[in-house]
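Visitor: File name final-v8.cif; file contents mmCIF, C-alpha atoms; full text below.
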data_my_file
loop_
_atom_site.label_atom_id
_atom_site.label_comp_id
_atom_site.auth_asym_id
_atom_site.auth_seq_id
_atom_site.Cartn_x
_atom_site.Cartn_y
_atom_site.Cartn_z
CA MET A 1 -8.17 -38.01 45.81
CA LYS A 2 -5.31 -39.68 47.65
CA SER A 3 -1.86 -38.98 46.27
CA LEU A 4 1.04 -41.30 45.53
CA GLU A 5 2.77 -39.57 48.46
CA GLU A 6 0.22 -41.17 50.74
CA LEU A 7 0.96 -44.53 49.16
CA LYS A 8 4.63 -43.98 49.93
CA ALA A 9 3.76 -43.30 53.55
CA ILE A 10 1.72 -46.52 53.65
CA ARG A 11 4.66 -48.41 52.13
CA ASP A 12 7.03 -47.14 54.83
CA ARG A 13 4.53 -47.91 57.58
CA VAL A 14 4.00 -51.45 56.30
CA ARG A 15 7.75 -52.03 55.98
CA SER A 16 8.41 -51.06 59.58
CA SER A 17 5.80 -53.57 60.76
CA VAL A 18 6.96 -56.39 58.47
CA THR A 19 9.37 -57.79 61.04
CA MET A 20 6.40 -58.44 63.29
CA ARG A 21 4.58 -60.24 60.51
CA GLU A 22 7.32 -62.73 59.80
CA GLY A 23 7.62 -66.07 61.48
CA ASN A 24 3.90 -66.67 61.81
CA GLU A 25 3.07 -70.25 62.47
CA GLY A 26 -0.21 -71.94 61.73
CA ASN A 27 -0.85 -70.39 58.34
CA ILE A 28 -4.45 -70.55 57.15
CA ARG A 29 -5.70 -70.23 53.58
CA VAL A 30 -9.24 -69.04 52.93
CA VAL A 31 -10.26 -69.92 49.38
CA VAL A 32 -13.36 -68.36 47.80
CA GLY A 33 -14.90 -69.97 44.70
CA MET A 34 -14.93 -67.27 42.02
CA ALA A 35 -16.16 -69.03 38.89
CA THR A 36 -19.35 -67.93 37.09
CA CYS A 37 -21.47 -69.96 39.53
CA GLY A 38 -19.78 -68.43 42.58
CA ILE A 39 -19.92 -64.87 41.27
CA ALA A 40 -23.58 -65.17 40.25
CA ALA A 41 -24.44 -66.53 43.71
CA GLY A 42 -22.74 -63.65 45.53
CA ALA A 43 -19.06 -64.56 46.02
CA ARG A 44 -17.79 -61.02 45.49
CA PRO A 45 -19.20 -59.52 48.73
CA VAL A 46 -18.14 -62.68 50.60
CA LEU A 47 -14.56 -62.29 49.39
CA ALA A 48 -14.63 -58.59 50.29
CA ALA A 49 -15.97 -59.40 53.78
CA PHE A 50 -13.16 -61.91 54.43
CA THR A 51 -10.48 -59.51 53.19
CA GLU A 52 -11.92 -56.73 55.37
CA GLU A 53 -12.40 -58.83 58.51
CA VAL A 54 -8.93 -60.40 58.28
CA ALA A 55 -7.42 -56.93 57.84
CA LYS A 56 -9.45 -55.50 60.72
CA ARG A 57 -8.17 -58.18 63.09
CA ASN A 58 -4.65 -57.96 61.64
CA LEU A 59 -4.52 -61.74 61.09
CA THR A 60 -1.18 -61.89 59.31
CA ASN A 61 -1.22 -65.70 59.20
CA VAL A 62 -4.37 -65.76 57.04
CA THR A 63 -4.31 -65.54 53.25
CA VAL A 64 -7.55 -64.88 51.40
CA THR A 65 -7.46 -66.20 47.86
CA GLN A 66 -9.69 -67.60 45.09
CA THR A 67 -10.32 -70.69 43.04
CA GLY A 68 -12.52 -71.66 40.10
CA CYS A 69 -15.54 -73.92 40.17
CA ILE A 70 -15.12 -76.92 42.42
CA GLY A 71 -18.23 -78.65 41.12
CA ILE A 72 -20.85 -77.98 43.77
CA CYS A 73 -22.44 -74.97 42.07
CA GLN A 74 -25.76 -75.46 43.86
CA TYR A 75 -24.08 -74.66 47.20
CA GLU A 76 -22.28 -71.51 46.06
CA PRO A 77 -20.92 -69.22 47.37
CA VAL A 78 -18.49 -71.85 48.64
CA VAL A 79 -15.52 -71.04 50.87
CA GLU A 80 -12.83 -73.57 51.77
CA VAL A 81 -10.54 -73.11 54.75
CA PHE A 82 -7.21 -74.92 54.62
CA GLU A 83 -5.19 -75.14 57.81
CA SER A 84 -1.48 -75.82 58.12
CA ASP A 85 -2.11 -79.32 59.51
CA GLY A 86 -3.89 -80.24 56.26
CA THR A 87 -7.49 -80.07 57.46
CA LYS A 88 -10.03 -78.61 55.07
CA THR A 89 -13.39 -77.15 55.99
CA THR A 90 -16.00 -76.39 53.33
CA TYR A 91 -18.50 -73.63 54.11
CA ILE A 92 -21.49 -73.41 51.79
CA LYS A 93 -24.18 -70.87 50.86
CA MET A 94 -21.97 -68.17 52.30
CA THR A 95 -23.08 -64.60 52.94
CA PRO A 96 -21.06 -61.59 54.14
CA GLU A 97 -23.09 -61.81 57.39
CA LYS A 98 -21.64 -65.25 58.20
CA VAL A 99 -18.06 -64.06 57.71
CA PRO A 100 -17.31 -62.32 61.06
CA GLN A 101 -18.40 -65.43 63.00
CA ILE A 102 -16.22 -67.75 60.89
CA VAL A 103 -13.26 -65.40 61.27
CA ALA A 104 -13.69 -65.11 65.04
CA ASP A 105 -14.60 -68.72 65.87
CA HIS A 106 -12.63 -70.66 63.27
CA LEU A 107 -9.71 -68.57 62.05
CA VAL A 108 -8.91 -67.00 65.42
CA ASN A 109 -10.06 -69.59 67.95
CA GLY A 110 -9.87 -72.80 65.92
CA ASN A 111 -13.51 -73.84 66.33
CA VAL A 112 -15.20 -74.80 63.06
CA VAL A 113 -18.64 -73.17 62.66
CA THR A 114 -20.34 -76.49 61.96
CA GLU A 115 -23.77 -75.07 61.17
CA TYR A 116 -22.46 -73.40 58.00
CA THR A 117 -20.44 -76.36 56.71
CA ILE A 118 -21.35 -78.77 53.94
CA GLY A 119 -21.46 -81.59 56.49
CA ASN A 120 -24.48 -79.93 58.08
CA LEU A 121 -26.71 -80.39 55.02
CA MET B 1 -25.82 -61.79 37.10
CA GLN B 2 -27.62 -58.81 38.63
CA GLU B 3 -25.13 -56.21 37.44
CA LEU B 4 -22.59 -55.88 34.63
CA SER B 5 -19.64 -55.42 36.97
CA LEU B 6 -20.13 -59.08 37.97
CA ASN B 7 -19.83 -60.10 34.31
CA VAL B 8 -16.62 -58.06 34.12
CA LEU B 9 -15.26 -59.91 37.17
CA ASP B 10 -16.24 -63.25 35.63
CA ILE B 11 -14.67 -62.55 32.22
CA ALA B 12 -11.51 -61.15 33.81
CA GLU B 13 -11.20 -64.46 35.70
CA ASN B 14 -10.86 -66.12 32.28
CA SER B 15 -7.91 -63.82 31.60
CA VAL B 16 -6.37 -64.85 34.93
CA ARG B 17 -6.74 -68.50 33.96
CA ALA B 18 -5.25 -67.73 30.53
CA ASP B 19 -2.01 -66.82 32.35
CA ALA B 20 -2.21 -63.15 31.48
CA SER B 21 0.27 -60.76 33.07
CA LEU B 22 -1.59 -57.56 32.15
CA ILE B 23 -5.37 -57.23 32.08
CA LYS B 24 -6.89 -54.06 30.67
CA ILE B 25 -10.44 -53.26 31.67
CA THR B 26 -11.97 -50.32 29.85
CA ILE B 27 -15.37 -48.73 30.31
CA GLU B 28 -16.57 -45.99 28.00
CA GLU B 29 -19.87 -44.36 28.75
CA ASP B 30 -21.55 -41.75 26.59
CA THR B 31 -24.48 -40.30 28.50
CA PHE B 32 -25.61 -38.21 25.52
CA ALA B 33 -25.67 -41.03 22.98
CA HIS B 34 -26.85 -43.47 25.70
CA THR B 35 -24.14 -46.01 24.98
CA LEU B 36 -21.74 -48.05 27.05
CA ARG B 37 -18.76 -50.06 25.89
CA ILE B 38 -16.97 -52.54 28.14
CA SER B 39 -13.80 -54.27 27.07
CA ILE B 40 -11.55 -56.77 28.79
CA GLU B 41 -8.21 -57.30 27.11
CA ASP B 42 -5.40 -59.62 28.18
CA ASP B 43 -2.01 -60.84 27.05
CA GLY B 44 -2.75 -64.44 28.00
CA CYS B 45 -2.58 -67.64 25.98
CA GLY B 46 -5.34 -66.69 23.54
CA MET B 47 -7.77 -68.96 21.69
CA THR B 48 -8.09 -70.53 18.29
CA LYS B 49 -10.98 -69.62 15.97
CA GLU B 50 -12.76 -72.84 16.88
CA GLN B 51 -12.36 -72.16 20.60
CA ILE B 52 -13.82 -68.65 20.19
CA GLU B 53 -16.91 -70.11 18.56
CA LYS B 54 -17.20 -72.69 21.29
CA VAL B 55 -16.99 -70.28 24.25
CA MET B 56 -20.15 -68.56 23.02
CA ASP B 57 -21.89 -71.92 23.39
CA PRO B 58 -23.21 -72.41 26.94
CA PHE B 59 -22.57 -76.14 26.69
CA PHE B 60 -18.86 -75.74 26.19
CA THR B 61 -16.33 -75.44 28.98
CA THR B 62 -12.70 -76.39 29.46
CA ARG B 63 -13.20 -77.39 33.05
CA THR B 64 -13.97 -80.90 34.11
CA THR B 65 -15.98 -80.16 37.24
CA ARG B 66 -19.20 -79.41 35.38
CA LYS B 67 -20.64 -79.57 31.90
CA VAL B 68 -21.67 -76.00 31.22
CA GLY B 69 -19.73 -72.75 30.75
CA LEU B 70 -21.99 -69.75 31.12
CA GLY B 71 -19.56 -66.86 31.62
CA VAL B 72 -19.21 -65.67 28.04
CA PRO B 73 -22.83 -66.47 27.05
CA PHE B 74 -24.13 -64.41 30.01
CA PHE B 75 -21.97 -61.43 29.06
CA LYS B 76 -23.00 -61.70 25.39
CA MET B 77 -26.66 -61.94 26.33
CA SER B 78 -26.48 -58.85 28.57
CA ALA B 79 -25.28 -56.74 25.62
CA GLU B 80 -27.52 -58.21 22.93
CA ALA B 81 -30.59 -57.79 25.14
CA THR B 82 -30.13 -54.01 24.85
CA GLY B 83 -29.83 -54.10 21.06
CA GLY B 84 -26.08 -53.88 21.43
CA SER B 85 -23.34 -56.19 20.28
CA PHE B 86 -20.64 -58.53 21.49
CA SER B 87 -17.33 -59.65 20.06
CA ILE B 88 -14.23 -61.64 20.92
CA ALA B 89 -10.92 -61.19 19.13
CA SER B 90 -8.09 -63.53 20.05
CA THR B 91 -4.71 -64.67 18.84
CA VAL B 92 -3.05 -67.79 20.19
CA GLY B 93 -0.02 -66.81 22.23
CA LYS B 94 -0.88 -63.09 22.10
CA GLY B 95 -4.07 -62.63 24.07
CA THR B 96 -7.79 -62.04 23.96
CA ARG B 97 -10.04 -59.00 23.76
CA THR B 98 -13.69 -59.27 24.70
CA GLU B 99 -15.99 -56.35 24.04
CA ALA B 100 -19.61 -55.69 24.85
CA PHE B 101 -21.58 -52.72 23.57
CA TYR B 102 -24.81 -51.54 25.19
CA HIS B 103 -27.66 -49.16 24.49
CA THR B 104 -28.14 -47.82 27.99
CA ASP B 105 -31.62 -46.41 27.34
CA HIS B 106 -32.96 -49.87 26.51
CA ILE B 107 -35.43 -51.32 29.02
CA ASP B 108 -33.34 -54.49 29.41
CA MET B 109 -30.16 -52.57 30.29
CA LEU B 110 -28.65 -53.86 33.53
CA PRO B 111 -26.91 -51.43 35.86
CA LEU B 112 -23.12 -51.37 35.61
CA GLY B 113 -23.03 -51.81 39.37
CA ASP B 114 -20.12 -51.80 41.76
CA MET B 115 -17.01 -51.61 39.56
CA PRO B 116 -14.74 -50.64 42.50
CA ALA B 117 -15.73 -53.93 44.21
CA THR B 118 -14.92 -55.89 41.05
CA MET B 119 -11.52 -54.23 40.64
CA LEU B 120 -10.70 -54.66 44.32
CA SER B 121 -11.60 -58.37 44.21
CA LEU B 122 -9.39 -58.90 41.17
CA ILE B 123 -6.45 -57.00 42.62
CA SER B 124 -6.68 -58.53 46.11
CA VAL B 125 -6.51 -62.13 44.90
CA ASN B 126 -4.13 -61.55 41.96
CA PRO B 127 -1.49 -59.17 43.35
CA HIS B 128 1.14 -60.61 41.01
CA LEU B 129 -0.84 -59.53 37.93
CA ASP B 130 -1.12 -56.03 36.52
CA PHE B 131 -4.40 -54.27 35.91
CA LEU B 132 -5.04 -51.20 33.84
CA TYR B 133 -8.52 -49.92 34.61
CA THR B 134 -9.92 -47.00 32.66
CA TYR B 135 -13.39 -45.57 33.10
CA THR B 136 -14.45 -42.78 30.78
CA ARG B 137 -17.76 -40.97 31.16
CA ASP B 138 -18.26 -38.32 28.49
CA HIS B 139 -15.34 -35.89 28.94
CA ASN B 140 -14.01 -37.32 32.22
CA THR B 141 -11.59 -40.22 32.58
CA PHE B 142 -10.38 -42.13 35.61
CA THR B 143 -7.42 -44.52 35.40
CA LEU B 144 -5.95 -46.97 37.87
CA ASP B 145 -2.72 -48.65 36.82
CA THR B 146 -1.35 -51.19 39.29
CA ARG B 147 2.07 -50.95 37.60
CA ALA B 148 2.37 -47.35 38.80
CA LEU B 149 1.32 -48.39 42.30
CA LYS B 150 3.85 -51.22 42.34
CA GLU B 151 6.59 -48.79 41.35
CA VAL B 152 5.92 -46.81 44.52
CA LEU B 153 5.34 -49.87 46.72
CA GLU B 154 8.56 -51.63 45.66
CA ASP B 155 8.73 -54.79 47.83
CA VAL B 156 5.44 -54.19 49.67
CA PRO B 157 2.74 -56.46 48.18
CA LEU B 158 -0.30 -54.96 46.49
CA ASN B 159 -2.66 -57.01 48.66
CA THR B 160 -1.40 -55.67 51.98
CA PRO B 161 -4.58 -54.58 53.83
CA GLU B 162 -3.50 -50.93 54.12
CA VAL B 163 -2.69 -50.82 50.40
CA LEU B 164 -6.02 -52.40 49.46
CA LEU B 165 -7.79 -49.75 51.52
CA TYR B 166 -5.87 -47.07 49.61
CA ILE B 167 -6.85 -48.66 46.28
CA LYS B 168 -10.48 -48.90 47.38
CA GLU B 169 -10.57 -45.18 48.13
CA GLN B 170 -8.87 -44.38 44.82
CA LEU B 171 -11.51 -46.39 42.95
CA THR B 172 -14.46 -44.88 44.78
CA GLU B 173 -13.17 -41.31 44.57
CA GLY B 174 -12.23 -41.81 40.93
CA GLU B 175 -15.72 -42.93 40.03
CA LYS B 176 -17.26 -39.97 41.87
CA GLY B 177 -14.98 -37.63 39.93
CA LEU B 178 -16.51 -38.82 36.66
CA ASN B 179 -19.56 -36.68 37.40
CA ASP B 180 -17.52 -33.45 37.57
CA GLN B 181 -18.55 -30.74 35.18
CA PRO B 182 -15.85 -29.44 32.81
#
As structure tokens, how would this structure be written, given the file I've shared?

Guide:
Amino acid sequence: MKSLEELKAIRDRVRSSVTMREGNEGNIRVVVGMATCGIAAGARPVLAAFTEEVAKRNLTNVTVTQTGCIGICQYEPVVEVFESDGTKTTYIKMTPEKVPQIVADHLVNGNVVTEYTIGNL
Amino acid sequence: MQELSLNVLDIAENSVRADASLIKITIEEDTFAHTLRISIEDDGCGMTKEQIEKVMDPFFTTRTTRKVGLGVPFFKMSAEATGGSFSIASTVGKGTRTEAFYHTDHIDMLPLGDMPATMLSLISVNPHLDFLYTYTRDHNTFTLDTRALKEVLEDVPLNTPEVLLYIKEQLTEGEKGLNDQP
């Protein structure tokens, strides 16, 4: 079992790298639908995959968050990506397997993965 | 829902929406008596008596995006299917406590599933809230209190990737420790 001492060490490590994290432009918000419909369809592993992938790549300009039901339950798990210029992309029928590609192509390189979007229905 | 931990995640989301600041999630398992009790308690806005009756009805929801609200009915059904019971106690302005009781040796008992994943999801997207998670199996108890973690972290947010990794390990190790013999 990890001790609180280890948490303290993590705290100090994070603090020393905070200066590097500040001043990030082009903030991106990844919003996962976590209502009953989303959860039942498999949103939890999708959320976990985004959190993990964003951490792995140290994408400090990306925030992974949640929302309730947006009304398209039949396409859940639904993930919306909001970029700082106001564009919104809606990915549907998400799986953890689709996450690394969306992170690499869209969040890092700015290319929407069209085949997974709602527009591709 | 394929596992009960998903119901827990779903019901705890109601607490988030009720503007709770502290959410207590308690699991008590008795492997000798074959029983399991799950409770989710919050200090959110609470519900009136009429609202409590309505949330058990699948065709009631407060949202406007769709016409059905299945969260509470699903949770209730999962418990009653095992010959167990379900209850909601709530006071407006004080909070809500939802409890489900299961007979784990019943054929319709669902697995509890991945509770660490549920807790990690809740914590990662609600770092401003506090969670008190307690899992008791017979004589062993594991507790995770985000208030204690925040005390150590000070200004470092709870959803910093390194911190989430730490919490994940705590949760997984804690659950393993529940099998320890006295």

Visitor: Evaluated on this file, the PyMOL selection byres ((chain B and resi 104-108) around 6) picks out some residues - which ones are they, written as a PyMOL selection string?

Guide: chain B and resi 34-35+82+102-103+109

Visitor: Quick one: which chain B residues come within 7 Å of chain A, and what is the nearest atom pair for each with the distance in Å to one decimal, counting only C-alpha atoms, rows ordered by chain and ascending number, as CSV?

Guide:
residue,atom,partner,partner_atom,distance
B:Met1,CA,A:Ala40,CA,5.1
B:Leu6,CA,A:Ile39,CA,6.7
B:Asp10,CA,A:Thr36,CA,5.8
B:Thr65,CA,A:Gly71,CA,4.7
B:Arg66,CA,A:Gly71,CA,5.9
B:Leu70,CA,A:Thr36,CA,6.8
B:Gly71,CA,A:Thr36,CA,5.6
B:Ser121,CA,A:Ala48,CA,6.8
B:Val125,CA,A:Thr65,CA,5.1
B:Val152,CA,A:Lys8,CA,6.2
B:Leu153,CA,A:Arg11,CA,5.6
B:Val156,CA,A:Arg11,CA,6.3
B:Pro161,CA,A:Ala55,CA,5.4
B:Glu162,CA,A:Ile10,CA,6.8
B:Val163,CA,A:Ile10,CA,7.0
B:Gln170,CA,A:Met1,CA,6.5
B:Glu173,CA,A:Met1,CA,6.1

Visitor: Which polymer residues have any atom within 6 Å of an atom of Thr98 in chain B, counting all atoms listed in the file, with same-chain residues fewer than 5 positions away left out, as a list in words?

Guide: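 Counting all atoms listed in the file, the residues come to Ser39, Ile40, Ser87 and Ile88 of chain B.
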
Visitor: Hey, what comes out of the PyMOL selection byres ((chain B and resi 86) around 8) on this file? Could you write it as a list in words?

Guide: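 So the PyMOL selection byres ((chain B and resi 86) around 8), applied here, picks out Lys76, Ala79, Glu80, Gly84, Ser85, Ser87, Ile88, Thr98, Glu99, Ala100 and Phe101 of chain B.
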
Visitor: What is the distance, in Å and to one decimal place, between CA of Val16 in chain B and CA of Glu151 in chain B?

Guide: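 Separating CA of Val16 in chain B from CA of Glu151 in chain B is a distance of 21.6 Å.
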
Visitor: Show me, as a ChimeraX atom specification, the residues that have an atom within 12 Å of Thr134 in chain B when counting all atoms listed in the file, minus same-chain residues fewer than 6 positions from it.

Guide: /B:23-29,37-41,115-116,119,140-146,171,174-175,178

Visitor: So how far away is CA of Ala20 in chain B from CA of Val92 in chain B, in Å?

Guide: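 Interatomic distance here is 12.2 Å.
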
Visitor: Which distance in Å separates CA of Thr172 in chain B and CA of Leu120 in chain B, to one decimal?

Guide: 10.5 Å

Visitor: Can you spell out as a PyMOL selection string the set of residues that the PyMOL selection byres ((chain A and resi 103) around 10) selects in the structure I just provided?

Guide: chain A and resi 30+49-50+53-54+57+59+62+98-102+104-113

Visitor: What lies within 6 Å of Ile118 in chain A using all atoms listed in the file, ignoring chain neighbours under 2 positions off, as a list in words?

Guide: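 The residues satisfying every condition are Thr90, Tyr91, Ile92, Asn120 and Leu121 of chain A.
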
Visitor: Quick one: what's the axis-aligned box for range 68-87 of chain A, all listed atoms, 4 Å on every side, centre and edges in Å to one decimal, as lines of an AutoDock Vina configuration file?

Guide:
center_x = -13.6
center_y = -74.7
center_z = 49.8
size_x = 32.3
size_y = 19.0
size_z = 27.4

Visitor: Using all atoms listed in the file, which residue out of B:Leu112, B:Leu165, B:Met47, B:Leu36 lies closest to Asn7 in chain B?

Guide: B:Leu112

Visitor: When distances are computed from only C-alpha atoms, which of A:Gly33, A:Gly86, A:Lys93, A:Ser17 shows the smallest separation from Gln74 in chain A?

Guide: A:Lys93

Visitor: Just checking: using all atoms listed in the file, which residue out of A:Pro96, A:Asn27, A:Ser16, A:Thr117 ends up closest to Glu80 in chain A?

Guide: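 Among the listed residues, the smallest separation from Glu80 in chain A belongs to A:Thr117.
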
Visitor: I'd like to know which of A:Gly119, A:Met94, A:Thr114, A:Asn61 is closest to Arg29 in chain A, using only C-alpha atoms.

Guide: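 Of A:Gly119, A:Met94, A:Thr114, A:Asn61, the one nearest Arg29 in chain A is A:Asn61, counting only C-alpha atoms.
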